[in-house]
file model-v2.pdb (PDB, C-alpha atoms)
ATOM      1  CA  MET I   1     -13.105  -1.056  34.164
ATOM      2  CA  ASN I   2     -12.329  -2.152  30.623
ATOM      3  CA  ALA I   3     -10.439  -0.223  27.937
ATOM      4  CA  LYS I   4     -13.563   1.316  26.395
ATOM      5  CA  GLN I   5     -14.854   2.526  29.755
ATOM      6  CA  TYR I   6     -11.480   4.025  30.632
ATOM      7  CA  ILE I   7     -11.163   6.005  27.396
ATOM      8  CA  GLU I   8     -14.741   7.241  27.629
ATOM      9  CA  ASP I   9     -14.126   8.253  31.235
ATOM     10  CA  LYS I  10     -11.076  10.291  30.190
ATOM     11  CA  LEU I  11     -13.151  12.040  27.541
ATOM     12  CA  THR I  12     -16.005  12.762  29.948
ATOM     13  CA  LYS I  13     -13.609  14.237  32.508
ATOM     14  CA  LEU I  14     -12.479  16.781  29.918
ATOM     15  CA  LYS I  15     -15.988  18.252  30.165
ATOM     16  CA  THR I  16     -15.914  18.323  33.961
ATOM     17  CA  PRO I  17     -14.824  21.714  35.357
ATOM     18  CA  SER I  18     -11.666  21.601  37.456
ATOM     19  CA  ASN I  19     -12.853  24.758  39.248
ATOM     20  CA  THR I  20      -9.574  26.584  38.761
ATOM     21  CA  GLN I  21     -10.089  30.046  40.238
ATOM     22  CA  PRO I  22      -8.460  33.198  38.836
ATOM     23  CA  GLU I  23      -5.864  34.768  41.099
ATOM     24  CA  ASP I  24      -4.980  38.430  41.560
ATOM     25  CA  ASP I  25      -2.235  38.378  38.946
ATOM     26  CA  LEU I  26      -3.768  36.563  35.983
ATOM     27  CA  GLU I  27      -0.626  36.651  33.856
ATOM     28  CA  VAL I  28       1.509  35.097  36.585
ATOM     29  CA  GLN I  29      -1.096  32.384  37.062
ATOM     30  CA  ILE I  30      -1.197  31.564  33.334
ATOM     31  CA  VAL I  31       2.606  31.371  33.170
ATOM     32  CA  HIS I  32       2.600  29.089  36.203
ATOM     33  CA  LEU I  33       0.051  26.784  34.550
ATOM     34  CA  LEU I  34       2.027  26.709  31.289
ATOM     35  CA  LEU I  35       5.146  25.652  33.195
ATOM     36  CA  SER I  36       3.333  23.195  35.458
ATOM     37  CA  LYS I  37       5.551  20.262  36.415
ATOM     38  CA  LYS I  38       2.455  18.096  36.317
ATOM     39  CA  PHE I  39       2.748  18.249  32.513
ATOM     40  CA  ARG I  40       6.223  19.553  31.707
ATOM     41  CA  LYS I  41       8.733  16.729  31.240
ATOM     42  CA  TYR I  42      11.929  18.797  31.031
ATOM     43  CA  SER I  43      13.237  21.999  32.569
ATOM     44  CA  ALA I  44      12.747  25.364  30.887
ATOM     45  CA  ASN I  45      15.702  27.723  30.529
ATOM     46  CA  GLU I  46      15.601  31.372  31.568
ATOM     47  CA  SER I  47      15.260  32.612  28.003
ATOM     48  CA  LEU I  48      12.230  30.407  27.393
ATOM     49  CA  ILE I  49      10.600  31.434  30.669
ATOM     50  CA  ASN I  50      11.090  35.102  29.803
ATOM     51  CA  HIS I  51       9.568  34.558  26.359
ATOM     52  CA  ILE I  52       6.556  32.779  27.891
ATOM     53  CA  LYS I  53       6.006  35.721  30.247
ATOM     54  CA  GLU I  54       6.285  38.194  27.386
ATOM     55  CA  SER I  55       3.955  36.186  25.164
ATOM     56  CA  VAL I  56       1.329  35.812  27.881
ATOM     57  CA  HIS I  57       1.497  39.569  28.554
ATOM     58  CA  TYR I  58       1.168  40.273  24.823
ATOM     59  CA  CYS I  59      -1.902  38.055  24.469
ATOM     60  CA  VAL I  60      -3.615  39.199  27.676
ATOM     61  CA  GLU I  61      -3.048  42.856  26.840
ATOM     62  CA  LYS I  62      -4.660  42.326  23.425
ATOM     63  CA  ASN I  63      -7.381  40.077  24.910
ATOM     64  CA  GLN I  64      -6.561  37.268  22.488
ATOM     65  CA  PRO I  65      -6.112  33.524  23.049
ATOM     66  CA  ILE I  66      -2.842  32.203  24.419
ATOM     67  CA  ASN I  67      -1.179  30.758  21.317
ATOM     68  CA  LEU I  68       0.645  27.438  21.712
ATOM     69  CA  THR I  69       2.248  26.137  18.509
ATOM     70  CA  PHE I  70       3.194  22.458  18.346
ATOM     71  CA  LEU I  71       5.686  21.296  15.701
ATOM     72  CA  HIS I  72       5.411  17.869  14.084
ATOM     73  CA  GLY I  73       5.410  15.853  10.894
ATOM     74  CA  ALA I  74       2.281  15.182   8.852
ATOM     75  CA  TYR I  75       2.762  11.443   8.628
ATOM     76  CA  LYS I  76       2.445   8.151  10.429
ATOM     77  CA  LEU I  77       5.700   6.228  10.354
ATOM     78  CA  TRP I  78       5.632   3.866   7.390
ATOM     79  CA  ARG I  79       7.061   1.031   9.493
ATOM     80  CA  LEU I  80       3.873   0.845  11.568
ATOM     81  CA  GLU I  81       0.831  -1.162  10.507
ATOM     82  CA  GLU I  82      -1.295   1.826  11.520
ATOM     83  CA  ALA I  83       0.162   3.977   8.695
ATOM     84  CA  PRO I  84      -0.793   6.194   6.992
ATOM     85  CA  GLU I  85      -3.555   7.307   9.396
ATOM     86  CA  VAL I  86      -3.579   8.478  12.993
ATOM     87  CA  ASP I  87      -4.183   6.000  15.790
ATOM     88  CA  TRP I  88      -4.685   6.015  19.555
ATOM     89  CA  ALA I  89      -1.311   7.739  20.048
ATOM     90  CA  GLU I  90      -2.681  10.927  18.514
ATOM     91  CA  LEU I  91      -5.931  10.729  20.465
ATOM     92  CA  PHE I  92      -4.180  10.060  23.764
ATOM     93  CA  SER I  93      -1.854  13.003  23.161
ATOM     94  CA  LEU I  94      -4.739  15.307  22.247
ATOM     95  CA  ILE I  95      -6.511  14.357  25.471
ATOM     96  CA  TYR I  96      -3.322  15.075  27.413
ATOM     97  CA  TYR I  97      -2.791  18.469  25.771
ATOM     98  CA  SER I  98      -6.454  19.325  26.376
ATOM     99  CA  GLU I  99      -5.980  18.525  30.067
ATOM    100  CA  TYR I 100      -2.876  20.744  30.053
ATOM    101  CA  VAL I 101      -4.638  23.882  28.809
ATOM    102  CA  LYS I 102      -8.030  23.285  30.424
ATOM    103  CA  PRO I 103      -7.236  25.265  33.628
ATOM    104  CA  ILE I 104      -6.096  28.227  31.515
ATOM    105  CA  CYS I 105      -9.347  28.150  29.564
ATOM    106  CA  GLU I 106     -11.255  28.228  32.838
ATOM    107  CA  ILE I 107      -9.621  31.407  34.126
ATOM    108  CA  TYR I 108      -8.981  33.276  30.875
ATOM    109  CA  LYS I 109     -12.035  34.049  28.747
ATOM    110  CA  PRO I 110     -10.249  34.300  25.339
ATOM    111  CA  GLY I 111      -8.937  30.797  26.005
ATOM    112  CA  VAL I 112      -6.188  28.974  24.160
ATOM    113  CA  TRP I 113      -5.328  28.457  20.508
ATOM    114  CA  PHE I 114      -3.370  25.194  20.225
ATOM    115  CA  ASP I 115      -2.002  25.147  16.692
ATOM    116  CA  PHE I 116      -0.301  22.115  15.139
ATOM    117  CA  PHE I 117       2.262  23.422  12.633
ATOM    118  CA  VAL I 118       2.916  20.347  10.511
ATOM    119  CA  ASP I 119       5.507  19.428   7.898
ATOM    120  CA  ASP I 120       3.720  18.295   4.744
ATOM    121  CA  TYR I 121       5.523  18.824   1.403
ATOM    122  CA  ILE I 122       8.921  17.978   2.821
ATOM    123  CA  VAL I 123       7.794  14.527   3.998
ATOM    124  CA  GLU I 124       7.471  13.460   0.366
ATOM    125  CA  ILE I 125      11.014  14.663  -0.373
ATOM    126  CA  LEU I 126      12.804  13.552   2.795
ATOM    127  CA  ASP I 127      11.061  10.318   3.612
ATOM    128  CA  ASN I 128       9.622   9.229   0.243
ATOM    129  CA  TYR I 129       5.984   9.327   1.307
ATOM    130  CA  LYS I 130       3.278   9.610  -1.315
ATOM    131  CA  PRO I 131       1.144  12.786  -1.399
ATOM    132  CA  GLU I 132      -1.961  10.693  -0.719
ATOM    133  CA  GLU I 133      -0.322   9.259   2.421
ATOM    134  CA  VAL I 134       0.369  12.748   3.768
ATOM    135  CA  LYS I 135      -3.201  13.771   2.942
ATOM    136  CA  ALA I 136      -4.572  10.664   4.656
ATOM    137  CA  TYR I 137      -2.697  11.555   7.824
ATOM    138  CA  ILE I 138      -3.813  15.196   7.867
ATOM    139  CA  ASP I 139      -7.434  14.301   7.079
ATOM    140  CA  SER I 140      -7.549  11.641   9.809
ATOM    141  CA  TYR I 141      -5.938  14.057  12.280
ATOM    142  CA  GLN I 142      -8.604  16.652  11.519
ATOM    143  CA  LYS I 143     -11.302  14.037  12.140
ATOM    144  CA  LEU I 144      -9.773  13.452  15.575
ATOM    145  CA  LEU I 145      -9.872  17.178  16.339
ATOM    146  CA  ASP I 146     -13.518  17.293  15.245
ATOM    147  CA  PHE I 147     -14.341  14.249  17.393
ATOM    148  CA  LEU I 148     -12.699  15.752  20.467
ATOM    149  CA  LYS I 149     -14.205  19.238  20.146
ATOM    150  CA  PRO I 150     -17.463  18.548  22.065
ATOM    151  CA  TYR I 151     -15.442  17.335  25.063
ATOM    152  CA  GLN I 152     -13.114  20.346  25.206
ATOM    153  CA  PRO I 153     -13.622  23.808  26.708
ATOM    154  CA  LYS I 154     -15.535  25.997  24.270
ATOM    155  CA  ASN I 155     -12.715  28.553  24.296
ATOM    156  CA  LEU I 156     -10.075  25.992  23.289
ATOM    157  CA  LYS I 157      -9.340  25.979  19.579
ATOM    158  CA  MET I 158      -7.131  23.263  18.076
ATOM    159  CA  THR I 159      -6.083  23.682  14.460
ATOM    160  CA  ILE I 160      -3.771  22.206  11.841
ATOM    161  CA  THR I 161      -1.577  24.593   9.863
ATOM    162  CA  THR I 162       0.635  23.079   7.187
ATOM    163  CA  VAL I 163       4.028  24.537   6.341
ATOM    164  CA  GLY I 164       3.014  24.207   2.695
ATOM    165  CA  SER I 165       0.138  26.628   3.251
ATOM    166  CA  ARG I 166       2.677  29.358   4.035
ATOM    167  CA  PHE I 167       3.846  29.269   0.409
ATOM    168  CA  ALA I 168       1.883  30.573  -2.569
ATOM    169  CA  SER I 169       2.230  27.233  -4.352
ATOM    170  CA  ARG I 170       4.074  23.926  -4.331
ATOM    171  CA  GLU I 171       6.348  25.347  -7.008
ATOM    172  CA  ASP I 172       7.293  28.258  -4.745
ATOM    173  CA  PHE I 173       8.121  25.806  -1.983
ATOM    174  CA  ASP I 174      10.284  23.658  -4.254
ATOM    175  CA  GLN I 175      12.113  26.702  -5.590
ATOM    176  CA  ALA I 176      12.789  28.032  -2.079
ATOM    177  CA  LEU I 177      14.123  24.649  -0.985
ATOM    178  CA  GLU I 178      16.347  24.303  -4.045
ATOM    179  CA  LYS I 179      17.762  27.793  -3.541
ATOM    180  CA  GLN I 180      18.479  27.103   0.131
ATOM    181  CA  LEU I 181      20.156  23.802  -0.727
ATOM    182  CA  GLU I 182      22.718  25.700  -2.791
ATOM    183  CA  ILE I 183      24.053  27.335   0.370
ATOM    184  CA  THR I 184      23.497  24.473   2.825
ATOM    185  CA  PRO I 185      26.658  22.469   3.564
ATOM    186  CA  MET I 186      26.804  18.701   3.833
ATOM    187  CA  PRO I 187      26.601  17.943   7.571
ATOM    188  CA  GLU I 188      28.785  15.744   9.711
ATOM    189  CA  LEU I 189      26.119  13.419  10.976
ATOM    190  CA  SER I 190      25.968  12.292  14.597
ATOM    191  CA  ASP I 191      24.921   8.760  15.517
ATOM    192  CA  ASP I 192      21.550  10.118  16.674
ATOM    193  CA  GLY I 193      21.099  11.956  13.400
ATOM    194  CA  ALA I 194      21.917   8.840  11.389
ATOM    195  CA  ARG I 195      19.439   6.787  13.424
ATOM    196  CA  MET I 196      16.727   9.395  12.868
ATOM    197  CA  VAL I 197      17.269   9.218   9.108
ATOM    198  CA  GLU I 198      17.256   5.421   9.093
ATOM    199  CA  LEU I 199      14.049   5.281  11.153
ATOM    200  CA  ASN I 200      12.013   7.757   9.129
ATOM    201  CA  VAL I 201      13.136   7.336   5.527
ATOM    202  CA  ARG I 202      11.488   4.692   3.371
ATOM    203  CA  PRO I 203      14.375   4.167   0.931
ATOM    204  CA  THR I 204      13.794   4.046  -2.786
ATOM    205  CA  ASP I 205      15.497   1.398  -4.904
ATOM    206  CA  GLY I 206      19.240   1.957  -4.791
ATOM    207  CA  GLN I 207      19.077   4.956  -2.455
ATOM    208  CA  THR I 208      21.061   3.294   0.307
ATOM    209  CA  ASP I 209      23.791   2.193  -2.123
ATOM    210  CA  ASP I 210      25.197   5.702  -1.798
ATOM    211  CA  PRO I 211      27.467   5.724   1.301
ATOM    212  CA  ASN I 212      26.498   9.367   1.916
ATOM    213  CA  TRP I 213      22.740   8.897   1.567
ATOM    214  CA  ARG I 214      22.071   9.762   5.207
ATOM    215  CA  GLU I 215      24.102  12.985   5.020
ATOM    216  CA  LYS I 216      22.293  13.995   1.830
ATOM    217  CA  ILE I 217      18.931  13.494   3.512
ATOM    218  CA  TYR I 218      20.016  15.522   6.524
ATOM    219  CA  ARG I 219      21.297  18.312   4.272
ATOM    220  CA  ILE I 220      17.796  18.585   2.803
ATOM    221  CA  HIS I 221      16.437  18.561   6.357
ATOM    222  CA  ASP I 222      18.719  21.458   7.346
ATOM    223  CA  ALA I 223      17.781  23.448   4.252
ATOM    224  CA  TYR I 224      14.104  22.851   4.977
ATOM    225  CA  LEU I 225      14.391  24.119   8.549
ATOM    226  CA  ALA I 226      15.885  27.322   7.184
ATOM    227  CA  ILE I 227      13.047  28.031   4.753
ATOM    228  CA  LYS I 228      10.453  26.921   7.303
ATOM    229  CA  GLY I 229      11.794  29.469   9.765
ATOM    230  CA  ALA I 230      12.023  32.163   7.104
ATOM    231  CA  VAL I 231       8.266  32.175   6.442
ATOM    232  CA  GLY I 232       7.893  33.903   9.808
ATOM    233  CA  TYR I 233       4.998  31.826  11.099
ATOM    234  CA  HIS I 234       6.374  30.289  14.274
ATOM    235  CA  LYS I 235       9.859  31.569  15.152
ATOM    236  CA  ASN I 236      10.594  34.722  17.140
ATOM    237  CA  ARG I 237       6.948  35.690  17.384
ATOM    238  CA  PRO I 238       5.803  37.647  20.451
ATOM    239  CA  ASP I 239       2.377  36.008  20.326
ATOM    240  CA  LYS I 240       3.483  32.376  19.984
ATOM    241  CA  ILE I 241       4.797  29.875  22.522
ATOM    242  CA  LEU I 242       6.346  26.759  21.009
ATOM    243  CA  VAL I 243       5.601  23.351  22.501
ATOM    244  CA  PHE I 244       6.995  19.928  21.634
ATOM    245  CA  ASN I 245       7.178  16.464  23.112
ATOM    246  CA  GLN I 246      10.947  16.629  23.841
ATOM    247  CA  PRO I 247      13.506  19.432  24.144
ATOM    248  CA  LEU I 248      14.846  20.871  20.884
ATOM    249  CA  PRO I 249      18.491  21.999  20.612
ATOM    250  CA  SER I 250      17.323  25.612  20.445
ATOM    251  CA  GLY I 251      15.803  25.362  23.934
ATOM    252  CA  THR I 252      12.791  27.327  22.702
ATOM    253  CA  THR I 253       9.979  24.863  23.432
ATOM    254  CA  ILE I 254       7.966  23.748  26.427
ATOM    255  CA  SER I 255       8.620  19.988  26.469
ATOM    256  CA  LEU I 256       5.368  18.259  27.374
ATOM    257  CA  GLY I 257       5.900  14.665  26.323
ATOM    258  CA  THR I 258       2.931  13.024  24.628
ATOM    259  CA  THR I 259       0.998  11.606  27.576
ATOM    260  CA  LYS I 260       1.507  11.706  31.328
ATOM    261  CA  SER I 261       3.627   8.543  30.999
ATOM    262  CA  SER I 262       5.254   8.992  27.554
ATOM    263  CA  ILE I 263       7.663  11.219  25.668
ATOM    264  CA  ALA I 264       7.754   9.248  22.378
ATOM    265  CA  LYS I 265       6.546  11.166  19.310
ATOM    266  CA  PHE I 266       2.958  10.230  18.550
ATOM    267  CA  TRP I 267       3.414  10.320  14.769
ATOM    268  CA  VAL I 268       6.200   7.729  14.864
ATOM    269  CA  GLY I 269       4.630   5.643  17.637
ATOM    270  CA  VAL I 270       1.423   3.826  18.528
ATOM    271  CA  GLY I 271      -1.024   4.245  21.366
ATOM    272  CA  ALA I 272      -1.494   1.574  24.010
ATOM    273  CA  LEU I 273      -3.069   1.194  27.430
ATOM    274  CA  LYS I 274      -1.069  -0.023  30.399
ATOM    275  CA  PRO I 275      -3.112  -1.608  33.216
ATOM    276  CA  SER I 276      -2.650   0.230  36.516
ATOM    277  CA  GLU I 277      -4.487  -1.140  39.550
ATOM    278  CA  ASP I 278      -8.154  -1.016  38.518
ATOM    279  CA  SER I 279      -7.538   1.477  35.729
ATOM    280  CA  TYR I 280      -5.071   2.179  32.907
ATOM    281  CA  LYS I 281      -2.385   4.599  31.775
ATOM    282  CA  MET I 282      -2.285   6.053  28.278
ATOM    283  CA  ILE I 283       1.044   5.212  26.645
ATOM    284  CA  VAL I 284       2.749   6.057  23.341
ATOM    285  CA  LEU I 285       5.145   3.294  22.318
ATOM    286  CA  SER I 286       8.085   4.060  20.040
ATOM    287  CA  PRO I 287       8.917   1.427  17.382
ATOM    288  CA  LYS I 288      11.651   0.014  19.631
ATOM    289  CA  GLN I 289       9.344  -0.077  22.654
ATOM    290  CA  LEU I 290       6.668  -1.723  20.541
ATOM    291  CA  GLU I 291       9.075  -4.534  19.622
ATOM    292  CA  GLU I 292       9.997  -5.077  23.270
ATOM    293  CA  THR I 293       6.537  -4.705  24.845
ATOM    294  CA  PRO I 294       4.096  -7.649  24.779
ATOM    295  CA  CYS I 295       0.571  -6.470  24.041
ATOM    296  CA  GLU I 296      -2.819  -7.939  23.350
ATOM    297  CA  TRP I 297      -5.691  -6.380  21.439
ATOM    298  CA  GLU I 298      -8.978  -5.369  23.031
ATOM    299  CA  ASP I 299     -12.014  -4.407  20.945
ATOM    300  CA  VAL I 300     -13.088  -0.800  21.489
ATOM    301  CA  ASN I 301     -15.800   1.323  19.902
ATOM    302  CA  ILE I 302     -16.099   4.890  21.124
ATOM    303  CA  GLY I 303     -17.671   6.300  17.963
ATOM    304  CA  LEU I 304     -14.473   6.976  16.042
ATOM    305  CA  THR I 305     -14.291   5.747  12.478
ATOM    306  CA  GLY I 306     -11.100   4.687  10.723
ATOM    307  CA  LYS I 307      -9.091   1.516  10.563
ATOM    308  CA  ASN I 308      -7.146   2.166  13.785
ATOM    309  CA  PHE I 309      -9.981   2.787  16.241
ATOM    310  CA  GLN I 310     -11.813  -0.513  16.400
ATOM    311  CA  LYS I 311      -9.337  -2.099  18.812
ATOM    312  CA  VAL I 312      -6.551  -0.936  21.116
ATOM    313  CA  ARG I 313      -3.307  -2.473  22.319
ATOM    314  CA  VAL I 314      -3.296  -3.367  26.022
ATOM    315  CA  ILE I 315       0.151  -4.002  27.512
ATOM    316  CA  LYS I 316       0.577  -7.373  29.191
ATOM    317  CA  THR I 317       1.777  -6.916  32.752
ATOM    318  CA  ASN I 318       2.791 -10.489  33.576
TER     319      ASN I 318
END

call {"tool": "encode", "arguments": {"input": "model-v2.pdb", "output": "structure tokens"}}
result
Amino acid sequence: MNAKQYIEDKLTKLKTPSNTQPEDDLEVQIVHLLLSKKFRKYSANESLINHIKESVHYCVEKNQPINLTFLHGAYKLWRLEEAPEVDWAELFSLIYYSEYVKPICEIYKPGVWFDFFVDDYIVEILDNYKPEEVKAYIDSYQKLLDFLKPYQPKNLKMTITTVGSRFASREDFDQALEKQLEITPMPELSDDGARMVELNVRPTDGQTDDPNWREKIYRIHDAYLAIKGAVGYHKNRPDKILVFNQPLPSGTTISLGTTKSSIAKFWVGVGALKPSEDSYKMIVLSPKQLEETPCEWEDVNIGLTGKNFQKVRVIKTN
């Protein structure tokens, strides 16, 4: 089996019923599937479990799709040659998340709404991305969703919702951020926080001459989280269950990783295939892992357009 055959096989299997049968207590079964250790990478606290139960009950009672909301940035890390568009990391993750919710779609007729709530305007301010780079990422991500749709259950809906769309205009967003900044203190930055800033920000000329440049970036980040939460789209909603690749400090998300074998964020990593016996594993490599992992390119054409889907990295195993 070569790389092309493996990826096409994964796509085809999405269309193959898993024959999950509904049990007597549908809500309990859905909660069990949402918390499946086959997909969940980290433990869920009692508060999160209770919220999942309440949300499932809310949705089932109203006969509406189970709403999973995934939080991430609308950009491809500028350090990667794949930027500014999506690459195999996004596709591999979308396949993985489709596999995750597929059994729920089979037993629950309203299905699942998997909504990607993405940071758009703030990426230009925090990380110095150009508007056209953010647009290129979102547009290429939507093309991936469109490509994957025929392989997914008909009652699975995947959408992109930008944080910017929750504001009447860009001016309203900028004004809200500026107002919040007035009451947001300068943080004491941890080593992890400093590394996150250094990884993501593409510094402008002279920006790093300021010894407090990292703290200033993180202050904007903190102010942004406040106004993002205040729009009322994703936090403390009875109908929404938050999902993410890794645990957040709030403990409010189901932590799924990005593939069966990866937890690295797909928007700051690249997709690769790791040979495994006569098959492969889908991997998302972080920038550090990419530096340390020898790979070779293999030509692949599965019908996806774009500069990042004509070949795929295959990890060397010896």

call {"tool": "closest_atom_pairs", "arguments": {"input": "model-v2.pdb", "of": "segment 199-290 of chain I", "to": "segment 94-104 of chain I", "cutoff": "9 Å", "atoms": "all atoms listed in the file", "output": "JSON lines"}}
result
{"residue": "I:Leu256", "atom": "CA", "partner": "I:Tyr97", "partner_atom": "CA", "distance": 8.3}
{"residue": "I:Thr258", "atom": "CA", "partner": "I:Tyr96", "partner_atom": "CA", "distance": 7.1}
{"residue": "I:Thr259", "atom": "CA", "partner": "I:Tyr96", "partner_atom": "CA", "distance": 5.5}
{"residue": "I:Lys260", "atom": "CA", "partner": "I:Tyr96", "partner_atom": "CA", "distance": 7.1}

call {"tool": "closest_atom_pairs", "arguments": {"input": "model-v2.pdb", "of": "segment 230-251 of chain I", "to": "segment 28-46 of chain I", "cutoff": "10 Å", "atoms": "only C-alpha atoms", "output": "Markdown table"}}
result
| residue | atom | partner | partner_atom | distance |
| --- | --- | --- | --- | --- |
| I:Ile241 | CA | I:Leu34 | CA | 9.7 |
| I:Val243 | CA | I:Arg40 | CA | 10.0 |
| I:Asn245 | CA | I:Lys41 | CA | 8.3 |
| I:Gln246 | CA | I:Tyr42 | CA | 7.6 |
| I:Pro247 | CA | I:Tyr42 | CA | 7.1 |
| I:Gly251 | CA | I:Asn45 | CA | 7.0 |

call {"tool": "closest_residue", "arguments": {"input": "model-v2.pdb", "among": "I:Tyr218, I:Ala168, I:Gly303, I:Leu225", "to": "Phe147 of chain I", "atoms": "all atoms listed in the file"}}
result
I:Gly303

call {"tool": "residues_around", "arguments": {"input": "model-v2.pdb", "residues": "segment 126-131 of chain I", "least_positions_apart": "6", "cutoff": "9 Å", "atoms": "all atoms listed in the file", "output": "number ranges by chain"}}
result
I: 75, 78, 120, 197, 200-204, 217-218, 220-221

call {"tool": "atom_distance", "arguments": {"input": "model-v2.pdb", "atom1": "atom CA of Val56 of chain I", "atom2": "atom CA of Lys15 of chain I"}}
result
24.8 Å

call {"tool": "closest_residue", "arguments": {"input": "model-v2.pdb", "among": "I:Thr293, I:Ser279, I:Gln64, I:Asn50", "to": "Lys157 of chain I", "atoms": "all atoms listed in the file"}}
result
I:Gln64

call {"tool": "closest_residue", "arguments": {"input": "model-v2.pdb", "among": "I:Pro84, I:Pro22, I:Pro65, I:Gly229", "to": "Phe117 of chain I", "atoms": "all atoms listed in the file"}}
result
I:Gly229

call {"tool": "atom_distance", "arguments": {"input": "model-v2.pdb", "atom1": "atom CA of Cys295 of chain I", "atom2": "atom CA of Trp88 of chain I"}}
result
14.3 Å

call {"tool": "resolve_selection", "arguments": {"input": "model-v2.pdb", "expression": "the PyMOL selection byres ((chain I and resi 148) around 12)", "output": "JSON, numbers by chain"}}
result
{"I": [8, 10, 11, 12, 14, 15, 90, 91, 92, 93, 94, 95, 96, 97, 98, 141, 142, 143, 144, 145, 146, 147, 149, 150, 151, 152, 153, 154, 156, 157, 158, 159, 302, 303, 304]}

call {"tool": "build_atoms", "arguments": {"input": "model-v2.pdb", "residues": "segment 66-83 of chain I", "atoms": "N, CA and C atoms", "output": "compact mmCIF listing (two decimals), in the frame of the given file"}}
result
# COMPACT_ATOMS: atom_id res chain seq x y z
N ILE I 66 -4.23 32.61 24.26
CA ILE I 66 -2.84 32.20 24.42
C ILE I 66 -2.53 31.24 23.27
N ASN I 67 -1.49 31.54 22.52
CA ASN I 67 -1.18 30.76 21.32
C ASN I 67 -0.03 29.79 21.58
N LEU I 68 -0.36 28.49 21.60
CA LEU I 68 0.64 27.44 21.71
C LEU I 68 0.78 26.77 20.35
N THR I 69 2.00 26.70 19.84
CA THR I 69 2.25 26.14 18.51
C THR I 69 3.11 24.89 18.64
N PHE I 70 2.53 23.76 18.22
CA PHE I 70 3.19 22.46 18.35
C PHE I 70 3.74 22.05 16.98
N LEU I 71 5.01 21.62 16.95
CA LEU I 71 5.69 21.30 15.70
C LEU I 71 5.73 19.78 15.50
N HIS I 72 5.26 19.30 14.33
CA HIS I 72 5.41 17.87 14.08
C HIS I 72 5.20 17.54 12.61
N GLY I 73 5.50 16.31 12.27
CA GLY I 73 5.41 15.85 10.89
C GLY I 73 4.02 15.35 10.54
N ALA I 74 3.61 15.60 9.31
CA ALA I 74 2.28 15.18 8.85
C ALA I 74 2.35 13.78 8.26
N TYR I 75 2.68 12.82 9.11
CA TYR I 75 2.76 11.44 8.63
C TYR I 75 2.71 10.48 9.80
N LYS I 76 2.33 9.26 9.49
CA LYS I 76 2.44 8.15 10.43
C LYS I 76 3.57 7.26 9.91
N LEU I 77 4.50 6.95 10.78
CA LEU I 77 5.70 6.23 10.35
C LEU I 77 5.35 5.01 9.51
N TRP I 78 5.95 4.92 8.36
CA TRP I 78 5.63 3.87 7.39
C TRP I 78 5.89 2.46 7.93
N ARG I 79 6.74 2.34 8.93
CA ARG I 79 7.06 1.03 9.49
C ARG I 79 5.90 0.44 10.31
N LEU I 80 4.96 1.27 10.69
CA LEU I 80 3.87 0.84 11.57
C LEU I 80 2.67 0.37 10.75
N GLU I 81 2.00 -0.66 11.22
CA GLU I 81 0.83 -1.16 10.51
C GLU I 81 -0.31 -0.15 10.52
N GLU I 82 -0.26 0.80 11.44
CA GLU I 82 -1.30 1.83 11.52
C GLU I 82 -1.21 2.84 10.38
N ALA I 83 -0.04 2.99 9.75
CA ALA I 83 0.16 3.98 8.70
C ALA I 83 -0.83 3.73 7.54
